[in-house]
$ cat my_file.cif   # mmCIF, C-alpha atoms and all ligand atoms
data_target
#
loop_
_atom_site.label_atom_id
_atom_site.label_comp_id
_atom_site.auth_asym_id
_atom_site.auth_seq_id
_atom_site.Cartn_x
_atom_site.Cartn_y
_atom_site.Cartn_z
CA ASN A 1 6.46 -19.69 -24.66
CA ALA A 2 7.56 -16.35 -26.00
CA TYR A 3 11.24 -17.01 -25.21
CA SER A 4 13.29 -20.16 -25.02
CA VAL A 5 15.50 -21.17 -22.14
CA LEU A 6 19.12 -20.31 -22.87
CA LYS A 7 20.83 -20.69 -19.55
CA PRO A 8 19.94 -21.50 -15.95
CA SER A 9 19.11 -18.75 -13.50
CA CYS A 10 21.36 -18.05 -10.57
CA CYS A 11 18.75 -18.66 -7.91
CA LYS A 12 18.33 -22.36 -7.09
CA LYS A 13 15.06 -21.89 -5.22
CA VAL A 14 13.43 -20.03 -8.06
CA GLU A 15 14.87 -22.58 -10.50
CA ASN A 16 12.98 -25.33 -8.68
CA LEU A 17 9.77 -23.40 -8.96
CA LEU A 18 10.28 -22.62 -12.64
CA ARG A 19 11.02 -26.26 -13.38
CA ASN A 20 7.59 -27.09 -11.99
CA LEU A 21 5.91 -24.42 -14.10
CA PRO A 22 7.61 -24.87 -17.47
CA SER A 23 4.73 -23.75 -19.64
CA THR A 24 3.59 -20.90 -17.41
CA VAL A 25 6.73 -18.81 -17.10
CA SER A 26 8.60 -17.45 -20.10
CA ARG A 27 12.34 -16.91 -19.82
CA VAL A 28 13.63 -13.62 -21.17
CA PRO A 29 17.22 -12.48 -21.41
CA CYS A 30 17.93 -9.90 -18.70
CA GLY A 31 17.77 -6.38 -20.07
CA THR A 32 15.07 -7.19 -22.64
CA SER A 33 12.82 -4.15 -22.87
CA LEU A 34 9.30 -4.42 -21.60
CA GLU A 35 8.07 -3.22 -24.99
CA SER A 36 9.66 -6.13 -26.80
CA VAL A 37 8.33 -8.65 -24.28
CA ALA A 38 4.81 -7.21 -24.61
CA ASN A 39 5.08 -7.08 -28.41
CA GLU A 40 6.08 -10.71 -28.47
CA PHE A 41 2.93 -11.71 -26.59
CA ILE A 42 0.85 -9.56 -28.94
CA ARG A 43 2.54 -11.16 -31.95
CA LEU A 44 1.70 -14.57 -30.50
CA GLY A 45 -2.00 -13.67 -30.56
CA GLU A 46 -3.06 -11.75 -27.44
CA GLU A 47 -6.23 -9.86 -28.22
CA GLN A 48 -7.20 -8.39 -24.87
CA ALA A 49 -5.57 -6.65 -21.92
CA PHE A 50 -2.91 -8.73 -20.21
CA TYR A 51 -0.35 -8.34 -17.49
CA VAL A 52 3.34 -8.96 -17.96
CA VAL A 53 4.40 -10.20 -14.53
CA ASP A 54 8.12 -10.03 -13.87
CA LEU A 55 8.78 -12.70 -11.24
CA GLY A 56 12.38 -11.48 -11.02
CA ALA A 57 11.11 -8.14 -9.70
CA VAL A 58 9.24 -9.92 -6.90
CA GLU A 59 12.33 -11.97 -6.11
CA ARG A 60 14.54 -8.85 -5.97
CA ARG A 61 12.11 -7.07 -3.68
CA TYR A 62 11.94 -10.05 -1.33
CA LEU A 63 15.75 -10.36 -1.18
CA ASP A 64 16.10 -6.61 -0.63
CA PHE A 65 13.58 -6.73 2.22
CA VAL A 66 15.35 -9.49 4.13
CA CYS A 67 18.72 -7.84 3.47
CA GLN A 68 17.63 -4.39 4.72
CA LEU A 69 15.63 -5.71 7.69
CA PRO A 70 17.42 -8.95 8.62
CA ARG A 71 15.57 -9.24 11.92
CA VAL A 72 12.12 -8.95 10.38
CA LYS A 73 10.31 -12.05 9.06
CA PRO A 74 8.05 -11.03 6.15
CA PHE A 75 4.48 -12.32 5.84
CA PHE A 76 3.23 -11.33 2.36
CA ALA A 77 -0.20 -9.63 2.56
CA VAL A 78 -2.07 -11.85 0.11
CA LYS A 79 -4.93 -9.32 -0.29
CA CYS A 80 -2.60 -7.10 -2.26
CA ASN A 81 -2.29 -9.58 -5.11
CA PRO A 82 -3.57 -13.12 -4.51
CA ASP A 83 -1.72 -14.64 -7.44
CA PRO A 84 -0.95 -18.33 -6.91
CA ILE A 85 2.32 -18.14 -8.85
CA ILE A 86 3.54 -15.21 -6.78
CA VAL A 87 2.49 -17.01 -3.60
CA ARG A 88 4.48 -20.06 -4.70
CA LEU A 89 7.49 -17.97 -5.65
CA LEU A 90 7.53 -16.13 -2.32
CA ALA A 91 7.01 -19.40 -0.45
CA GLN A 92 10.05 -20.89 -2.21
CA LEU A 93 12.09 -17.90 -1.15
CA GLY A 94 11.10 -18.47 2.49
CA CYS A 95 8.33 -15.91 2.87
CA ASN A 96 5.35 -16.38 5.20
CA PHE A 97 1.81 -15.13 4.56
CA ASP A 98 -0.75 -12.70 5.97
CA CYS A 99 -4.28 -13.86 5.14
CA ALA A 100 -7.50 -12.01 5.88
CA SER A 101 -10.17 -14.54 4.87
CA LYS A 102 -10.95 -18.20 4.34
CA SER A 103 -10.26 -17.95 0.59
CA GLU A 104 -6.83 -16.46 1.17
CA VAL A 105 -5.98 -19.21 3.65
CA LYS A 106 -7.23 -21.77 1.12
CA LEU A 107 -5.09 -20.27 -1.64
CA VAL A 108 -1.95 -20.25 0.47
CA ARG A 109 -2.55 -23.77 1.83
CA ALA A 110 -3.18 -25.01 -1.74
CA SER A 111 0.34 -23.87 -2.57
CA GLY A 112 1.67 -26.35 -0.02
CA ILE A 113 2.29 -23.82 2.75
CA SER A 114 1.57 -24.99 6.28
CA GLY A 115 -0.67 -23.09 8.69
CA ASP A 116 2.24 -22.16 10.93
CA ARG A 117 3.54 -19.89 8.15
CA ILE A 118 0.27 -17.93 8.08
CA ILE A 119 -0.99 -15.10 10.28
CA TYR A 120 -4.73 -14.38 10.15
CA ALA A 121 -4.32 -10.60 10.36
CA ASN A 122 -7.89 -9.39 10.12
CA PRO A 123 -8.97 -8.07 13.53
CA CYS A 124 -12.68 -8.77 12.81
CA LYS A 125 -13.10 -12.26 11.39
CA PRO A 126 -16.29 -13.98 10.22
CA GLN A 127 -16.77 -16.99 12.51
CA HIS A 128 -16.60 -19.72 9.88
CA HIS A 129 -13.51 -18.15 8.29
CA LEU A 130 -11.81 -18.17 11.67
CA SER A 131 -12.76 -21.79 12.41
CA TYR A 132 -11.58 -22.84 8.96
CA ALA A 133 -8.22 -21.11 9.35
CA VAL A 134 -7.57 -22.70 12.73
CA GLU A 135 -8.63 -26.14 11.40
CA LYS A 136 -5.98 -25.65 8.71
CA GLY A 137 -3.28 -25.05 11.27
CA VAL A 138 -3.26 -21.26 11.54
CA SER A 139 -2.57 -20.39 15.17
CA LEU A 140 -1.67 -16.71 15.06
CA VAL A 141 -4.49 -14.14 14.81
CA THR A 142 -4.97 -10.44 15.51
CA PHE A 143 -7.71 -8.71 17.51
CA ASP A 144 -8.48 -5.15 18.60
CA ASN A 145 -11.78 -5.31 20.49
CA ARG A 146 -13.76 -7.09 23.21
CA ASP A 147 -16.21 -8.87 20.90
CA GLU A 148 -13.38 -10.42 18.95
CA LEU A 149 -11.86 -11.67 22.19
CA LEU A 150 -15.20 -13.32 23.05
CA LYS A 151 -15.27 -14.89 19.60
CA LEU A 152 -11.76 -16.28 20.03
CA HIS A 153 -12.71 -17.61 23.45
CA GLN A 154 -15.82 -19.36 22.13
CA LEU A 155 -14.48 -20.74 18.86
CA VAL A 156 -10.71 -21.09 19.02
CA PRO A 157 -9.56 -20.75 22.64
CA ASN A 158 -6.08 -22.10 21.92
CA VAL A 159 -4.97 -19.51 19.36
CA ARG A 160 -2.12 -17.12 20.00
CA ALA A 161 -3.53 -13.61 19.79
CA ILE A 162 -1.80 -10.38 18.83
CA LEU A 163 -3.28 -7.07 19.89
CA ARG A 164 -3.47 -4.57 17.02
CA ILE A 165 -3.06 -0.95 18.05
CA ALA A 166 -4.05 2.17 16.10
CA THR A 167 -1.39 4.35 14.46
CA GLU A 168 -0.95 7.92 13.29
CA ASP A 169 -1.60 7.13 9.64
CA GLU A 170 -3.66 10.08 8.39
CA ASP A 171 -1.14 11.00 5.68
CA ALA A 172 -0.85 7.46 4.25
CA LEU A 173 -2.21 6.75 0.78
CA CYS A 174 -4.78 4.45 2.39
CA PRO A 175 -5.12 5.04 6.15
CA LEU A 176 -6.42 2.03 8.09
CA SER A 177 -6.61 3.16 11.70
CA SER A 178 -10.10 4.66 11.39
CA LYS A 179 -11.25 1.06 11.01
CA PHE A 180 -8.75 -1.06 12.94
CA GLY A 181 -6.50 -0.82 15.95
CA ALA A 182 -7.18 -0.29 19.66
CA PHE A 183 -6.33 3.10 21.13
CA MET A 184 -3.64 3.10 23.78
CA GLU A 185 -6.16 3.93 26.51
CA GLU A 186 -8.20 0.82 25.59
CA VAL A 187 -5.23 -1.52 25.89
CA PRO A 188 -5.32 -2.24 29.67
CA SER A 189 -8.98 -3.30 29.64
CA LEU A 190 -8.51 -5.47 26.55
CA LEU A 191 -5.53 -7.19 28.15
CA SER A 192 -7.50 -7.74 31.37
CA MET A 193 -10.36 -9.26 29.44
CA ALA A 194 -8.01 -11.53 27.49
CA ARG A 195 -6.55 -12.73 30.77
CA ALA A 196 -10.00 -13.32 32.26
CA LEU A 197 -10.93 -15.39 29.19
CA ASP A 198 -7.61 -17.24 29.32
CA ILE A 199 -6.61 -16.16 25.83
CA CYS A 200 -2.92 -16.33 25.15
CA VAL A 201 -1.86 -12.84 24.01
CA VAL A 202 1.66 -13.03 22.59
CA GLY A 203 2.36 -9.66 21.07
CA VAL A 204 1.42 -6.40 19.42
CA ALA A 205 0.64 -5.52 15.79
CA PHE A 206 0.20 -2.22 13.99
CA HIS A 207 -0.21 -0.96 10.44
CA VAL A 208 0.91 2.57 9.53
CA GLY A 209 -1.47 2.71 6.55
CA SER A 210 -0.94 1.36 3.08
CA GLY A 211 1.45 3.56 1.14
CA CYS A 212 2.93 5.16 4.26
CA ARG A 213 4.47 8.58 3.70
CA SER A 214 6.51 9.13 6.84
CA VAL A 215 9.14 7.17 8.73
CA SER A 216 7.93 8.82 11.94
CA SER A 217 4.64 6.85 11.72
CA TYR A 218 6.67 3.64 12.05
CA ILE A 219 8.80 5.09 14.85
CA SER A 220 5.87 6.30 16.97
CA SER A 221 4.05 2.98 16.46
CA ILE A 222 7.13 1.00 17.45
CA GLU A 223 7.36 3.11 20.61
CA ASN A 224 3.68 2.55 21.39
CA ALA A 225 4.12 -1.17 20.85
CA ARG A 226 6.96 -1.12 23.40
CA ARG A 227 4.61 0.62 25.86
CA VAL A 228 2.06 -2.15 25.36
CA PHE A 229 4.75 -4.80 25.95
CA ASP A 230 5.59 -3.01 29.22
CA MET A 231 1.95 -2.61 30.25
CA ALA A 232 1.39 -6.34 29.74
CA GLU A 233 4.43 -7.21 31.81
CA SER A 234 3.34 -4.91 34.61
CA MET A 235 -0.07 -6.65 34.56
CA GLY A 236 1.63 -10.00 35.09
CA PHE A 237 1.53 -11.38 31.53
CA PRO A 238 4.49 -13.53 30.48
CA PRO A 239 6.80 -11.38 28.31
CA PHE A 240 5.35 -10.85 24.84
CA THR A 241 7.27 -12.60 22.07
CA ILE A 242 5.97 -11.09 18.79
CA LEU A 243 6.02 -7.60 17.34
CA ASP A 244 4.20 -7.23 14.01
CA ILE A 245 5.11 -4.00 12.19
CA GLY A 246 2.52 -4.51 9.41
CA GLY A 247 2.90 -3.18 5.87
CA GLY A 248 2.89 0.28 4.34
CA PHE A 249 6.24 0.09 2.49
CA PRO A 250 6.06 1.81 -0.93
CA GLY A 251 5.37 -0.34 -3.97
CA PHE A 252 7.61 1.39 -6.53
CA ASP A 253 9.98 4.33 -6.96
CA GLY A 254 8.11 7.60 -6.77
CA GLU A 255 4.95 6.19 -5.19
CA SER A 256 5.81 7.79 -1.87
CA PRO A 257 8.13 10.63 -0.75
CA ILE A 258 10.00 8.05 1.34
CA THR A 259 11.77 4.95 0.07
CA PHE A 260 11.82 1.49 1.59
CA HIS A 261 15.53 1.93 2.31
CA GLU A 262 14.85 5.13 4.28
CA ILE A 263 12.19 3.32 6.30
CA ALA A 264 14.51 0.37 6.93
CA GLN A 265 17.33 2.66 7.96
CA GLY A 266 14.99 4.66 10.20
CA ILE A 267 13.54 1.69 12.09
CA ARG A 268 16.35 -0.90 12.25
CA GLY A 269 18.17 0.65 15.20
CA HIS A 270 14.94 1.47 16.96
CA LEU A 271 13.72 -2.12 16.77
CA ASP A 272 17.02 -3.38 18.17
CA LYS A 273 17.07 -0.78 20.94
CA LEU A 274 13.49 -1.39 22.11
CA PHE A 275 13.02 -5.11 21.52
CA PRO A 276 15.48 -7.73 22.81
CA PRO A 277 16.58 -10.48 20.40
CA GLN A 278 14.16 -13.03 21.89
CA VAL A 279 11.24 -10.98 20.48
CA THR A 280 10.35 -12.19 16.99
CA ILE A 281 9.66 -9.26 14.68
CA ILE A 282 7.40 -9.84 11.71
CA ALA A 283 6.00 -7.58 8.95
CA GLU A 284 3.16 -7.85 6.44
CA PRO A 285 4.42 -6.21 3.26
CA GLY A 286 1.95 -6.21 0.39
CA ARG A 287 2.61 -3.48 -2.15
CA TYR A 288 6.38 -3.49 -1.55
CA PHE A 289 6.76 -7.03 -2.93
CA VAL A 290 4.49 -6.77 -5.97
CA GLY A 291 3.89 -3.10 -6.84
CA SER A 292 6.60 -2.88 -9.50
CA SER A 293 6.35 -6.42 -10.87
CA HIS A 294 3.27 -5.97 -13.08
CA THR A 295 2.88 -4.06 -16.32
CA LEU A 296 -0.63 -3.87 -17.71
CA VAL A 297 -0.80 -3.94 -21.49
CA THR A 298 -4.15 -2.79 -22.86
CA ARG A 299 -5.63 -2.43 -26.29
CA VAL A 300 -7.42 0.58 -27.78
CA ASN A 301 -10.86 -0.70 -28.80
CA GLY A 302 -12.42 2.59 -29.75
CA ARG A 303 -11.58 6.23 -30.53
CA ARG A 304 -13.54 9.42 -30.81
CA HIS A 305 -12.08 12.76 -31.88
CA ARG A 306 -13.59 15.85 -30.25
CA THR A 307 -13.34 19.48 -31.15
CA ARG A 308 -13.24 21.83 -28.23
CA GLY A 309 -13.44 25.57 -28.09
CA ASP A 310 -15.49 28.37 -29.51
CA THR A 311 -16.92 27.17 -32.86
CA SER A 312 -17.91 30.72 -33.80
CA ALA A 313 -14.24 31.81 -33.60
CA ASN A 314 -12.42 29.14 -35.62
CA SER A 315 -8.96 30.10 -34.39
CA CYS A 316 -9.60 28.75 -30.86
CA LEU A 317 -10.59 25.21 -31.86
CA GLU A 318 -8.62 22.34 -30.44
CA THR A 319 -8.77 18.67 -31.43
CA CYS A 320 -8.81 16.28 -28.49
CA VAL A 321 -9.35 12.54 -28.47
CA ASP A 322 -11.11 9.95 -26.33
CA TYR A 323 -9.88 6.36 -26.28
CA TYR A 324 -11.74 3.31 -25.02
CA ILE A 325 -9.45 0.59 -23.72
CA ASP A 326 -10.17 -2.88 -22.40
CA ASP A 327 -9.56 -2.29 -18.69
CA GLY A 328 -10.90 0.47 -16.46
CA VAL A 329 -11.98 1.64 -13.02
CA TYR A 330 -14.21 -1.39 -12.54
CA GLY A 331 -11.16 -3.52 -13.30
CA SER A 332 -7.50 -2.85 -12.52
CA PHE A 333 -7.90 0.91 -12.09
CA ARG A 334 -10.29 0.90 -9.14
CA ASP A 335 -7.93 3.09 -7.09
CA VAL A 336 -8.66 6.00 -9.45
CA LEU A 337 -12.02 6.17 -7.69
CA THR A 338 -11.20 4.93 -4.21
CA LEU A 339 -7.88 6.67 -3.56
CA GLY A 340 -7.70 9.27 -6.34
CA ILE A 341 -4.53 7.72 -7.76
CA THR A 342 -3.41 8.84 -11.23
CA PHE A 343 -2.22 6.10 -13.57
CA TYR A 344 -0.10 7.33 -16.49
CA PRO A 345 -0.24 5.52 -19.85
CA ASN A 346 2.84 4.72 -21.95
CA CYS A 347 2.91 4.32 -25.72
CA PHE A 348 4.89 1.84 -27.74
CA PRO A 349 7.64 3.53 -29.81
CA LYS A 350 5.78 3.41 -33.14
CA SER A 351 3.54 6.25 -32.00
CA SER A 352 6.33 8.77 -31.56
CA HIS A 353 6.00 10.44 -34.98
CA ARG A 354 2.28 11.11 -34.49
CA ARG A 355 0.79 14.42 -33.43
CA ILE A 356 0.33 14.98 -29.72
CA LEU A 357 -3.28 15.39 -28.60
CA LYS A 358 -4.96 15.88 -25.26
CA SER A 359 -6.19 12.37 -24.64
CA THR A 360 -8.85 11.02 -22.33
CA ILE A 361 -8.74 7.29 -21.63
CA PHE A 362 -11.95 5.50 -20.73
CA GLY A 363 -12.45 1.93 -19.57
CA PRO A 364 -14.64 -0.52 -21.51
CA THR A 365 -17.91 -0.33 -19.53
CA CYS A 366 -20.97 1.77 -20.29
CA ASP A 367 -20.45 3.92 -17.21
CA SER A 368 -19.09 7.44 -17.74
CA ILE A 369 -17.16 7.42 -14.46
CA ASP A 370 -15.15 4.60 -15.98
CA CYS A 371 -12.37 7.05 -16.91
CA ILE A 372 -8.69 6.45 -16.17
CA ILE A 373 -7.15 9.81 -17.08
CA ARG A 374 -8.35 13.03 -18.72
CA ASP A 375 -6.62 15.40 -21.14
CA TYR A 376 -3.27 13.69 -20.93
CA PRO A 377 -0.96 14.77 -23.80
CA MET A 378 -0.12 11.68 -25.88
CA HIS A 379 0.94 10.77 -29.39
CA GLU A 380 -2.15 9.91 -31.36
CA LEU A 381 -3.18 6.24 -31.37
CA ASP A 382 -5.28 4.14 -33.75
CA VAL A 383 -7.92 1.61 -32.85
CA GLY A 384 -6.05 -1.69 -32.40
CA ASP A 385 -2.92 -0.01 -30.95
CA TRP A 386 -1.71 -1.03 -27.51
CA ILE A 387 -0.65 1.09 -24.55
CA TYR A 388 0.78 0.04 -21.20
CA PHE A 389 0.78 1.06 -17.55
CA LYS A 390 3.76 0.32 -15.31
CA ASP A 391 3.89 -0.60 -11.60
CA MET A 392 0.43 -2.18 -11.57
CA GLY A 393 1.03 -5.09 -9.18
CA ALA A 394 -0.62 -3.83 -5.99
CA TYR A 395 -4.36 -3.57 -5.35
CA THR A 396 -5.21 -3.78 -9.05
CA ILE A 397 -6.23 -7.31 -10.09
CA SER A 398 -7.27 -8.04 -6.52
CA LEU A 399 -9.83 -5.21 -6.61
CA ALA A 400 -11.14 -5.83 -10.13
CA SER A 401 -14.77 -6.81 -10.78
CA SER A 402 -16.38 -8.25 -13.90
CA PHE A 403 -18.96 -5.45 -14.17
CA ASN A 404 -20.61 -5.27 -17.59
CA GLY A 405 -19.07 -8.63 -18.51
CA PHE A 406 -15.47 -7.41 -18.75
CA HIS A 407 -13.11 -9.83 -17.10
CA LYS A 408 -9.77 -9.45 -15.40
CA PRO A 409 -6.74 -9.40 -17.67
CA THR A 410 -4.73 -12.61 -17.94
CA CYS A 411 -1.18 -12.83 -16.54
CA LYS A 412 1.92 -13.62 -18.59
CA TYR A 413 4.76 -14.52 -16.27
CA ILE A 414 8.34 -13.83 -17.21
CA TYR A 415 11.64 -14.42 -15.47
CA GLY A 416 14.91 -12.91 -16.66
CA PHE A 417 18.15 -14.87 -16.82
N1 LIG A 501 -1.53 -6.09 6.74
C1 LIG A 501 -2.79 -5.67 6.92
C2 LIG A 501 -3.51 -6.10 8.15
C3 LIG A 501 -3.42 -4.87 5.95
O1 LIG A 501 -4.69 -4.47 6.13
C4 LIG A 501 -2.69 -4.52 4.79
C5 LIG A 501 -3.30 -3.66 3.76
O2 LIG A 501 -4.41 -3.24 3.81
C6 LIG A 501 -1.39 -5.01 4.63
C7 LIG A 501 -0.83 -5.77 5.63
C8 LIG A 501 -0.57 -4.71 3.42
O3 LIG A 501 -0.22 -3.39 3.40
P1 LIG A 501 0.72 -2.81 2.27
O4 LIG A 501 0.24 -3.30 0.97
O5 LIG A 501 0.65 -1.36 2.43
O6 LIG A 501 2.11 -3.30 2.58
#

$ encode --input "my_file.cif" --output "structure tokens" --more "lines below"
Ligand code: PLP
Amino acid sequence: NAYSVLKPSCCKKVENLLRNLPSTVSRVPCGTSLESVANEFIRLGEEQAFYVVDLGAVERRYLDFVCQLPRVKPFFAVKCNPDPIIVRLLAQLGCNFDCASKSEVKLVRASGISGDRIIYANPCKPQHHLSYAVEKGVSLVTFDNRDELLKLHQLVPNVRAILRIATEDEDALCPLSSKFGAFMEEVPSLLSMARALDICVVGVAFHVGSGCRSVSSYISSIENARRVFDMAESMGFPPFTILDIGGGFPGFDGESPITFHEIAQGIRGHLDKLFPPQVTIIAEPGRYFVGSSHTLVTRVNGRRHRTRGDTSANSCLETCVDYYIDDGVYGSFRDVLTLGITFYPNCFPKSSHRRILKSTIFGPTCDSIDCIIRDYPMHELDVGDWIYFKDMGAYTISLASSFNGFHKPTCKYIYGF
């Protein structure tokens, strides 16, 4: 361990978890800088990219969520970061889980979590994944189309089904409604079919897109969900009992023009006004719980200086530099390509007296698109130096491949006291 235990933490539930993981989680005094934590791991022999995972940040986010939205039961979207330690931590705190595949159900069940704390929230499920989940006690699933209803009828007729509706999510970082969610005009025929097949529909789900950028997307979706509740009642269904408001809450400060607190403030009253207390409201936060908890620390494995400009007119020449680090767009930085996200590097203090150069940072593979950022002004680094990237907990490790034989970074868990 990088740090020794000096005094117990205030949170009993987390204490229990940490007691069971004594060699996995390092205790650090609260207020210790990230740089000194990372340096300690490097001093202890790390040679390749690693994550510093602050479990306290996950805990704070969870507690903030249930405090700001006391009526909403969170189901952590495992896809965002399927880390067994984070799953166990959230489970200890009382969180439930949103799984989208057999492997995710397996992971959550292996952490001792029962099927009744899991929602299978993938509207189009491979048959054997669905059968497996239901065998393991999962009874709540989503659907948005007729073929999925047939599948439920044939394979798992006793599940409780939630109808996912489409949202206005075009301005989200990652819109989802072009792929999932029934349109409002499709709802009556889907409900009729569910009734004809004797499938128990218990509620409505929506997702405003991952990295939602407007509170009004939540509001209009909540209003549409109310309309679906009313439609179902007018068709003779027993009153629906579950509203699932999905995810979309920002992962860290500055990721979105709206904050989680603004969203919570904007929807709290609306939920209470439109849904009586007997309706259970759930959510599926992914990036909100883990976005800020991970810092990726990477090593510079190579460097190449470049001279740019007109060589015939010496005065215009500019020295730039390329760095090659040990994680890239085929690893943790996949969203550079898929969503056009910019990830900004940070230097450790020792670099501050160096000259500032336009720096391009490449990943480790042989592919030239494996580039994290171009022409970013940074203090000059040497081969063997380390740099770090903050707020790397969401859709990073979970999207990483081992292309070209480069593996995912390891995780170093810390918890402040
Ligand atoms: N629920 C579902 C069904 C999703 O598809 C996703 C993300 O794709 C999430 C929850 C998590 O969303 P976020 O990470 O934006 O909170």

$ closest_atom_pairs --input "my_file.cif" --of "chain A" --to "ligand LIG 501 (chain A)" --cutoff "6 Å" --atoms "only C-alpha atoms and all ligand atoms" --output "tab-separated table"
residue	atom	partner	partner_atom	distance
A:Ala77	CA	A:LIG501	C7	5.0
A:Cys80	CA	A:LIG501	O4	5.7
A:Ala121	CA	A:LIG501	C2	5.1
A:Asn122	CA	A:LIG501	C2	5.8
A:Ser210	CA	A:LIG501	O5	3.2
A:Gly211	CA	A:LIG501	O5	5.1
A:Gly246	CA	A:LIG501	N1	5.1
A:Gly247	CA	A:LIG501	O6	3.4
A:Gly248	CA	A:LIG501	O5	3.4
A:Phe249	CA	A:LIG501	O6	5.3
A:Glu284	CA	A:LIG501	C7	4.6
A:Pro285	CA	A:LIG501	O6	3.8
A:Gly286	CA	A:LIG501	O4	3.4
A:Arg287	CA	A:LIG501	O4	3.9
A:Tyr288	CA	A:LIG501	O6	5.9

$ closest_residue --input "my_file.cif" --among "A:Arg195, A:Arg299, A:Arg355, A:Arg88" --to "Pro409 (chain A)" --atoms "only C-alpha atoms"
A:Arg299

$ closest_residue --input "my_file.cif" --among "A:Ala166, A:Val297, A:Cys366, A:Ile387" --to "Glu46 (chain A)" --atoms "all atoms listed in the file"
A:Val297

$ atom_distance --input "my_file.cif" --atom1 "CA of Ser139 (chain A)" --atom2 "CA of Ile119 (chain A)"
7.4 Å

$ residues_around --input "my_file.cif" --residues "Ser220 (chain A)" --least-positions-apart "4" --cutoff "9 Å" --atoms "only C-alpha atoms" --output "PyMOL selection string"
chain A and resi 167-168+215-216+224-225

$ closest_residue --input "my_file.cif" --among "A:Leu339, A:Cys320, A:Asn346, A:Thr24" --to "Ser359 (chain A)" --atoms "only C-alpha atoms"
A:Cys320

$ closest_residue --input "my_file.cif" --among "A:Val383, A:Ile373, A:Val72, A:Val87" --to "Ile242 (chain A)" --atoms "all atoms listed in the file"
A:Val72

$ residues_around --input "my_file.cif" --residues "Ser103 (chain A)" --least-positions-apart "3" --cutoff "10 Å" --atoms "only C-alpha atoms" --output "list of chain:residue names"
A:Pro82, A:Cys99, A:Ala100, A:Lys106, A:Leu107, A:Val108, A:Arg109, A:His129, A:Tyr132, A:Ala133

$ closest_residue --input "my_file.cif" --among "A:Ala49, A:Leu243, A:Ala232, A:Val14" --to "Phe406 (chain A)" --atoms "only C-alpha atoms"
A:Ala49

$ atom_distance --input "my_file.cif" --atom1 "CA of Phe240 (chain A)" --atom2 "CA of Val208 (chain A)"
20.8 Å

$ closest_residue --input "my_file.cif" --among "A:Arg71, A:Val300, A:Gly115, A:Cys95" --to "Phe275 (chain A)" --atoms "only C-alpha atoms"
A:Arg71

$ residues_around --input "my_file.cif" --residues "Pro276 (chain A)" --least-positions-apart "3" --cutoff "12 Å" --atoms "all atoms listed in the file" --output "PyMOL selection string"
chain A and resi 71+226+229+239-243+269-273+279-281

$ atom_distance --input "my_file.cif" --atom1 "CA of Cys316 (chain A)" --atom2 "CA of Pro377 (chain A)"
17.9 Å

$ residues_near_point --input "my_file.cif" --point "(6.3, 8.9, -8.8)" --cutoff "12 Å" --atoms "only C-alpha atoms" --output "list in words"
Pro250, Gly251, Phe252, Asp253, Gly254, Glu255, Ser256, Pro257, Ile258, Thr259, Ser292, Ile341, Thr342, Phe343, Tyr344, Lys390 and Asp391 of chain A

$ write_last_selection --input "my_file.cif" --atoms "C-alpha atoms" --output "PDB file, keeping the file's coordinate frame"
ATOM      1  CA  PRO A 250       6.060   1.810  -0.930  1.00  0.00           C
ATOM      2  CA  GLY A 251       5.370  -0.340  -3.970  1.00  0.00           C
ATOM      3  CA  PHE A 252       7.610   1.390  -6.530  1.00  0.00           C
ATOM      4  CA  ASP A 253       9.980   4.330  -6.960  1.00  0.00           C
ATOM      5  CA  GLY A 254       8.110   7.600  -6.770  1.00  0.00           C
ATOM      6  CA  GLU A 255       4.950   6.190  -5.190  1.00  0.00           C
ATOM      7  CA  SER A 256       5.810   7.790  -1.870  1.00  0.00           C
ATOM      8  CA  PRO A 257       8.130  10.630  -0.750  1.00  0.00           C
ATOM      9  CA  ILE A 258      10.000   8.050   1.340  1.00  0.00           C
ATOM     10  CA  THR A 259      11.770   4.950   0.070  1.00  0.00           C
ATOM     11  CA  SER A 292       6.600  -2.880  -9.500  1.00  0.00           C
ATOM     12  CA  ILE A 341      -4.530   7.720  -7.760  1.00  0.00           C
ATOM     13  CA  THR A 342      -3.410   8.840 -11.230  1.00  0.00           C
ATOM     14  CA  PHE A 343      -2.220   6.100 -13.570  1.00  0.00           C
ATOM     15  CA  TYR A 344      -0.100   7.330 -16.490  1.00  0.00           C
ATOM     16  CA  LYS A 390       3.760   0.320 -15.310  1.00  0.00           C
ATOM     17  CA  ASP A 391       3.890  -0.600 -11.600  1.00  0.00           C
TER      18      ASP A 391
END

$ residues_around --input "my_file.cif" --residues "Ile86 (chain A)" --least-positions-apart "2" --cutoff "10 Å" --atoms "only C-alpha atoms" --output "MDAnalysis selection string"
chainID A and resid 53:55 58:59 76 78 81:84 88:92 289:290 413

$ residues_around --input "my_file.cif" --residues "region 403-405 of chain A" --least-positions-apart "4" --cutoff "12 Å" --atoms "all atoms listed in the file" --output "list in words"
Asp326, Asp327, Gly328, Val329, Tyr330, Gly331, Ser332, Arg334, Gly363, Pro364, Thr365, Cys366, Asp367, Asp370 and Leu399 of chain A
